[in-house]
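Let me begin by presenting the structure, written as structure tokens, before commenting on it.
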Number of protein chains: 2
Amino acid sequence: MSERWVLGVDIGGTNLGVGAVPYVGSGVGALRSCPTNPQRGPDAAVEDIARMAAAVVAEVADAAEAAAEEAPRFVGVGIGCPGPLDLKDGRIISTPNLGWGGYPIRDRISDAVGLSASLDNDANCATYGEWWRGAAKGSRTVVGVTLGTGIGGGLIADGKLVRGASGSAGEIGHMTIDVNGRRCACGNYGCLEAYASGPNIAARAREGLEAGYRSILPDLVDGDLDRITAATVYDALVRGDDYAREVMTETAKMLGAGLANLVNVFNPEIIVVVGGVTRAGGHLFEPLRAEIRRRAFRSAVDACSIVPGALPDTAGVIGAAGVFISEAAA
Amino acid sequence: MSERWVLGVDIGGTNLGVGAVPYVGSGVGALRSCPTNPQRGPDAAVEDIARMAAAVVAEVADAAEAAAEEAPRFVGVGIGCPGPLDLKDGRIISTPNLGWGGYPIRDRISDAVGLSASLDNDANCATYGEWWRGAAKGSRTVVGVTLGTGIGGGLIADGKLVRGASGSAGEIGHMTIDVNGRRCACGNYGCLEAYASGPNIAARAREGLEAGYRSILPDLVDGDLDRITAATVYDALVRGDDYAREVMTETAKMLGAGLANLVNVFNPEIIVVVGGVTRAGGHLFEPLRAEIRRRAFRSAVDACSIVPGALPDTAGVIGAAGVFISEAAA
């Protein structure tokens with residue numbers, strides 16, 4: 001194995017992850033995660049990250065010793081964090097899901113783990129991870145889509161992350177696809193995220209049930225519709241529920257309209273979709289691909305693969321480390 | 001003036017343009033244009049281009065001689081053409097407005113003018129021209145928008161045109177902004193172009209008149225509504241017609257939704273809007289900027305200027321020449 005390593009840190013709304021990523025090779029040498037607790041504040045999160053980082057470093061060192069290999073050398077830490085971020089100053093500008101606005105996350109983590117650090121948007125890191133060592137390896141023009149509590153994205157052109165004028169490129173979840181459509185948490189109307197994020201899939205399912213659609217969904221949550229999540233919809237679908245299938249097909253249609261926009265505008269070789277919703281597999285990807293084909297230019301559709309990510313639990317950690325390495329090399 | 005020059009060729013649905021573009025400096029040394037006649041076929045267009053190229057070269061030579069400067073040296077010809085194009089083979093794949101599918105336009109023009117040639121999409125060339133020597137000079141992340149019979153676009157990231165996997169990046173006119181909206185000529189529903197291209201502005205104006213809106217528009221076309229164009233709507237607007245103003249405001253709103261998508265996805269420093277519709281000036285740009293601000297992320301909107309092009313008649317010619325130079329240097 002490589003003797004040089006980078007720590008990757010993935011700060012999510014649900015979990016904090018820390019992994020050891022080799023300069024050369026693949027995968028992670030060690031991985032730790034713990035629940036994110038936004039209320040405890042960012043300093044507590046930095047403590048958790050430092051504790052997990054120490055454990056990860058020790059595990060890799062032990063493994064090297066056991067294998068009689070050279071001692072690992074950790075050269076830096078790459079951080080992926082929800083934004084918007086001030087990349088130059090390494091600060092969080094605001095994070096709707098965490099509420100840690102203004103916090104100098106890059107330098108605090110750098111100090112806590114004793115390594116120089118890089119910072120980028122979480123969706124950029126996941127996209128970079130899938131491009132560097134995952135499903136989009138070898139492609140030059142890539143769109144990454146993260147489907148979760150929100151919908152994020154990353155763009156790679158000619159093998160480089162597109163960051164834009166203020167570091168916020170890739171906010172694909174807030175493309176308007178329905179100009180007079182559903183209100184989005186961002187304040188806009190008809191955003192892709194207002195239809196296809198996890199909470200909005202659940203909300204749309206609830207709305208249909210309240211309007212009288214028949215489904216096994218209420219049974220799966222003991223009649224408490226507020227407990228319906230995107231995962232519940234998926235569970236109902238695999239049990240053969242027609243209404244749940246309809247909700248997923250509609251999700252795929254809206255997501256397809258959004259991704260067709262990216263196919264037309266960016267003409268990517270590959271779109272990598274990551275996140276829990278991809279568990280739906282063919283139930284999502286088949287209608288999704290069909291909708292993209294209906295909407296986008298044929299030559300651009302023919303040039304583009306639409307695939308699930310290859311690093312379901314580690315794209316963010318691996319990508320954050322990859323961004324550190326690419327910046328160190330620049 | 002520079003002794004080295006490049007010919008720029010702008011193939012449009014309405015006009016063919018040829019200009020002499022200096023390696024160093026600005027503007028064009030000489031410019032010719034003639035109407036495009038798609039029915040006469042592409043060979044006739046190449047003849048027209050060769051004839052205009054000879055006139056342009058002679059004019060620049062005469063001017064240099066008159067000024068007792070070194071004789072100009074033409075090192076190549078850059079061609080901008082509607083697509084989709086096969087950039088590698090220098091062929092038109094298909095052109096809805098011209099109907100010259102399969103034609104090897106790059107090599108035919110190269111042979112006819114006796115210079116090595118480059119080929120790129122017309123909207124990419126216009127964007128490149130505005131970036132190289134126009135309104136977007138000095139910016140690193142740029143979106144160009146061409147508003148005309150169709151709506152096209154070009155993307156520049158880190159000072160380079162984004163071409164995508166099959167050379168068709170920048171087809172921003174066919175972003176879905178209204179998922180169940182107006183049918184577009186491309187077959188999709190709710191494309192930006194279905195609302196904000198010249199012919200669709202006119203069509204929307206006609207539809208309102210047929211539905212009973214009162215306006216001076218019918219008087220401007222002697223009652224023949226089929227004669228209404230986007231320019232007629234603009235003329236009515238400057239004469240104080242409320243309905244024409246409403247049509248233009250609605251156009252700006254739909255265009256704003258589309259450009260807000262690009263602000264969120266690409267986070268450009270500048271969006272340069274070129275084409276006849278920009279004649280509407282503040283009547284277009286004020287509601288356009290307001291709509292973008294309503295829809296896109298604040299930090300990205302704050303980082304982005306939205307401006308009309310600085311090279312209204314020559315962006316395509318200058319940009320085509322600039323693309324040649326950039327490829328020759330690569």
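Identifiers for the structure tokens are assigned positionally: chains receive A, B, ... in sequence, residues are indexed from 1 per chain, and ligands are indexed from 1 in the order shown.
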May I have the residues of chain A within 8 Å of chain B, counting only C-alpha atoms, written as a ChimeraX atom specification? /A:140-141,157,162-172,174-180,187-189,254,257-258,260-269,294-296,299-300,303-304
Take the residues just selected and output them with N, CA and C atoms as a CSV table (one decimal), in the first residue's frame.
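This is the output file out_14.csv:
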chain,number,residue,atom,x,y,z
A,140,ARG,N,-14.0,12.9,-18.8
A,140,ARG,CA,-13.5,14.2,-18.8
A,140,ARG,C,-14.6,15.2,-18.4
A,141,THR,N,-15.9,14.9,-18.8
A,141,THR,CA,-17.0,15.8,-18.5
A,141,THR,C,-18.0,15.1,-17.7
A,157,ALA,N,-15.3,19.6,-15.7
A,157,ALA,CA,-15.1,19.9,-17.1
A,157,ALA,C,-13.6,19.7,-17.3
A,162,VAL,N,-15.6,22.4,-11.6
A,162,VAL,CA,-16.0,23.8,-11.9
A,162,VAL,C,-16.5,24.4,-10.6
A,163,ARG,N,-15.8,25.4,-10.2
A,163,ARG,CA,-16.2,26.0,-8.9
A,163,ARG,C,-17.0,27.3,-9.1
A,164,GLY,N,-16.9,28.0,-10.2
A,164,GLY,CA,-17.6,29.2,-10.4
A,164,GLY,C,-17.0,30.4,-9.8
A,165,ALA,N,-17.7,31.5,-9.9
A,165,ALA,CA,-17.2,32.8,-9.5
A,165,ALA,C,-17.1,32.9,-8.0
A,166,SER,N,-18.0,32.3,-7.3
A,166,SER,CA,-18.0,32.4,-5.8
A,166,SER,C,-18.0,31.1,-5.2
A,167,GLY,N,-17.6,30.0,-5.9
A,167,GLY,CA,-17.4,28.7,-5.3
A,167,GLY,C,-18.7,27.9,-5.1
A,168,SER,N,-19.8,28.4,-5.7
A,168,SER,CA,-21.1,27.7,-5.5
A,168,SER,C,-21.6,27.0,-6.7
A,169,ALA,N,-20.8,26.8,-7.7
A,169,ALA,CA,-21.3,26.1,-8.9
A,169,ALA,C,-21.8,24.7,-8.5
A,170,GLY,N,-22.8,24.2,-9.3
A,170,GLY,CA,-23.2,22.8,-9.0
A,170,GLY,C,-24.5,22.8,-8.2
A,171,GLU,N,-25.2,23.9,-7.9
A,171,GLU,CA,-26.4,23.9,-7.1
A,171,GLU,C,-27.6,23.4,-8.0
A,172,ILE,N,-27.5,22.2,-8.5
A,172,ILE,CA,-28.5,21.8,-9.5
A,172,ILE,C,-29.8,21.5,-8.9
A,174,HIS,N,-31.6,23.4,-7.3
A,174,HIS,CA,-32.4,24.6,-7.3
A,174,HIS,C,-32.6,25.2,-8.7
A,175,MET,N,-32.4,24.3,-9.7
A,175,MET,CA,-32.9,24.6,-11.1
A,175,MET,C,-34.4,24.6,-11.1
A,176,THR,N,-35.0,25.7,-11.7
A,176,THR,CA,-36.4,25.7,-11.9
A,176,THR,C,-36.8,24.8,-13.0
A,177,ILE,N,-37.6,23.8,-12.7
A,177,ILE,CA,-38.1,22.9,-13.8
A,177,ILE,C,-39.6,23.1,-14.0
A,178,ASP,N,-40.2,23.9,-13.1
A,178,ASP,CA,-41.7,24.1,-13.2
A,178,ASP,C,-42.0,25.5,-12.7
A,179,VAL,N,-42.0,26.4,-13.6
A,179,VAL,CA,-41.9,27.9,-13.3
A,179,VAL,C,-42.9,28.4,-12.3
A,180,ASN,N,-44.1,27.7,-12.3
A,180,ASN,CA,-45.1,28.1,-11.3
A,180,ASN,C,-45.4,26.9,-10.4
A,187,GLY,N,-37.1,29.2,-1.1
A,187,GLY,CA,-37.9,30.4,-1.4
A,187,GLY,C,-38.3,30.5,-2.8
A,188,ASN,N,-37.7,29.8,-3.7
A,188,ASN,CA,-38.1,29.8,-5.1
A,188,ASN,C,-39.2,28.8,-5.3
A,189,TYR,N,-39.8,28.8,-6.5
A,189,TYR,CA,-40.9,27.9,-6.9
A,189,TYR,C,-40.5,27.0,-8.0
A,254,MET,N,-39.6,14.1,-12.8
A,254,MET,CA,-39.1,15.4,-12.5
A,254,MET,C,-37.5,15.5,-12.5
A,257,ALA,N,-36.3,15.6,-16.0
A,257,ALA,CA,-36.4,16.9,-16.6
A,257,ALA,C,-35.2,17.7,-16.1
A,258,GLY,N,-34.8,17.6,-14.9
A,258,GLY,CA,-33.7,18.3,-14.4
A,258,GLY,C,-32.4,17.8,-15.0
A,260,ALA,N,-32.0,16.2,-17.8
A,260,ALA,CA,-32.0,16.5,-19.2
A,260,ALA,C,-31.5,17.9,-19.4
A,261,ASN,N,-31.8,18.8,-18.5
A,261,ASN,CA,-31.3,20.2,-18.6
A,261,ASN,C,-29.8,20.2,-18.6
A,262,LEU,N,-29.2,19.3,-17.7
A,262,LEU,CA,-27.8,19.3,-17.5
A,262,LEU,C,-27.2,18.6,-18.8
A,263,VAL,N,-27.9,17.6,-19.3
A,263,VAL,CA,-27.4,16.9,-20.5
A,263,VAL,C,-27.3,18.0,-21.7
A,264,ASN,N,-28.3,18.8,-21.8
A,264,ASN,CA,-28.3,19.8,-22.9
A,264,ASN,C,-27.3,20.9,-22.6
A,265,VAL,N,-27.2,21.4,-21.4
A,265,VAL,CA,-26.3,22.5,-21.1
A,265,VAL,C,-24.9,22.1,-21.0
A,266,PHE,N,-24.6,20.9,-20.5
A,266,PHE,CA,-23.2,20.6,-20.1
A,266,PHE,C,-22.7,19.4,-21.0
A,267,ASN,N,-23.6,18.7,-21.6
A,267,ASN,CA,-23.2,17.6,-22.5
A,267,ASN,C,-22.1,16.7,-21.9
A,268,PRO,N,-22.5,16.1,-20.7
A,268,PRO,CA,-21.5,15.3,-19.9
A,268,PRO,C,-21.4,13.9,-20.6
A,269,GLU,N,-20.2,13.3,-20.3
A,269,GLU,CA,-20.0,11.9,-20.7
A,269,GLU,C,-20.8,11.0,-19.8
A,294,ARG,N,-36.5,11.5,-23.6
A,294,ARG,CA,-37.6,12.2,-24.2
A,294,ARG,C,-37.3,13.7,-24.3
A,295,ARG,N,-36.5,14.2,-23.4
A,295,ARG,CA,-36.4,15.7,-23.3
A,295,ARG,C,-35.1,16.3,-23.9
A,296,ALA,N,-34.0,15.5,-23.9
A,296,ALA,CA,-32.7,16.2,-24.3
A,296,ALA,C,-32.4,15.8,-25.7
A,299,SER,N,-28.1,13.5,-29.7
A,299,SER,CA,-26.7,13.3,-29.8
A,299,SER,C,-26.1,13.4,-28.4
A,300,ALA,N,-26.6,14.3,-27.6
A,300,ALA,CA,-26.1,14.5,-26.2
A,300,ALA,C,-26.5,13.3,-25.3
A,303,ALA,N,-24.4,10.3,-26.0
A,303,ALA,CA,-23.0,10.4,-25.5
A,303,ALA,C,-22.9,10.3,-24.0
A,304,CYS,N,-24.1,10.1,-23.3
A,304,CYS,CA,-24.1,10.2,-21.8
A,304,CYS,C,-24.6,9.0,-21.1
Leu16 (chain A): which residues within 12 Å, counting only C-alpha atoms, same-chain residues fewer than 3 positions away excluded, as a PyMOL selection string? chain A and resi 8-13+19+31-38+42+44-53+79-82+98+122+313-314+316-317
Using DSSP on the backbone coordinates, identify all residues within region 71-314 of chain A classified as strand (DSSP E); present the result as an MDAnalysis selection string. chainID A and resid 73:81 85:86 91:92 117:121 142:147 151:157 160:161 270:274 305:308
Please return as a VMD selection string: the residues of region 67-313 of chain A that backbone DSSP assigns to helix (DSSP H, G or I). chain A and resid 105 to 113 122 to 133 172 to 174 193 to 196 198 to 210 217 to 220 225 to 227 230 to 238 242 to 266 276 to 280 282 to 295 298 to 302
Which one is closest to Tyr23 (chain A): A:Ala328, A:Asn200, A:Gly212, A:Val247? Count only C-alpha atoms. A:Ala328
List the spatial neighbours of Pro104 (chain B) as an MDAnalysis selection string - criterion: any atom at most 10 Å away, only C-alpha atoms, same-chain residues fewer than 4 positions off excluded. chainID B and resid 42 85:86 89:93 100 108:109
Record the distance separating CA of Asp235 (chain A) and CA of Met248 (chain A), expressed in Å with one decimal. 11.2 Å
Taking only C-alpha atoms into account, which of A:Val272, A:Ser305, A:Glu246, A:Gly129 comes nearest Pro287 (chain A)? A:Glu246
So that I can see what lies close to Ala230 (chain B), please list as a count of residues only the residues with an atom at most 7 Å from it, counting only C-alpha atoms and leaving out residues fewer than 3 positions away in the same chain. 6
Any idea what the distance is between CA of Ala58 (chain B) and CA of Ala330 (chain B)? 29.1 Å
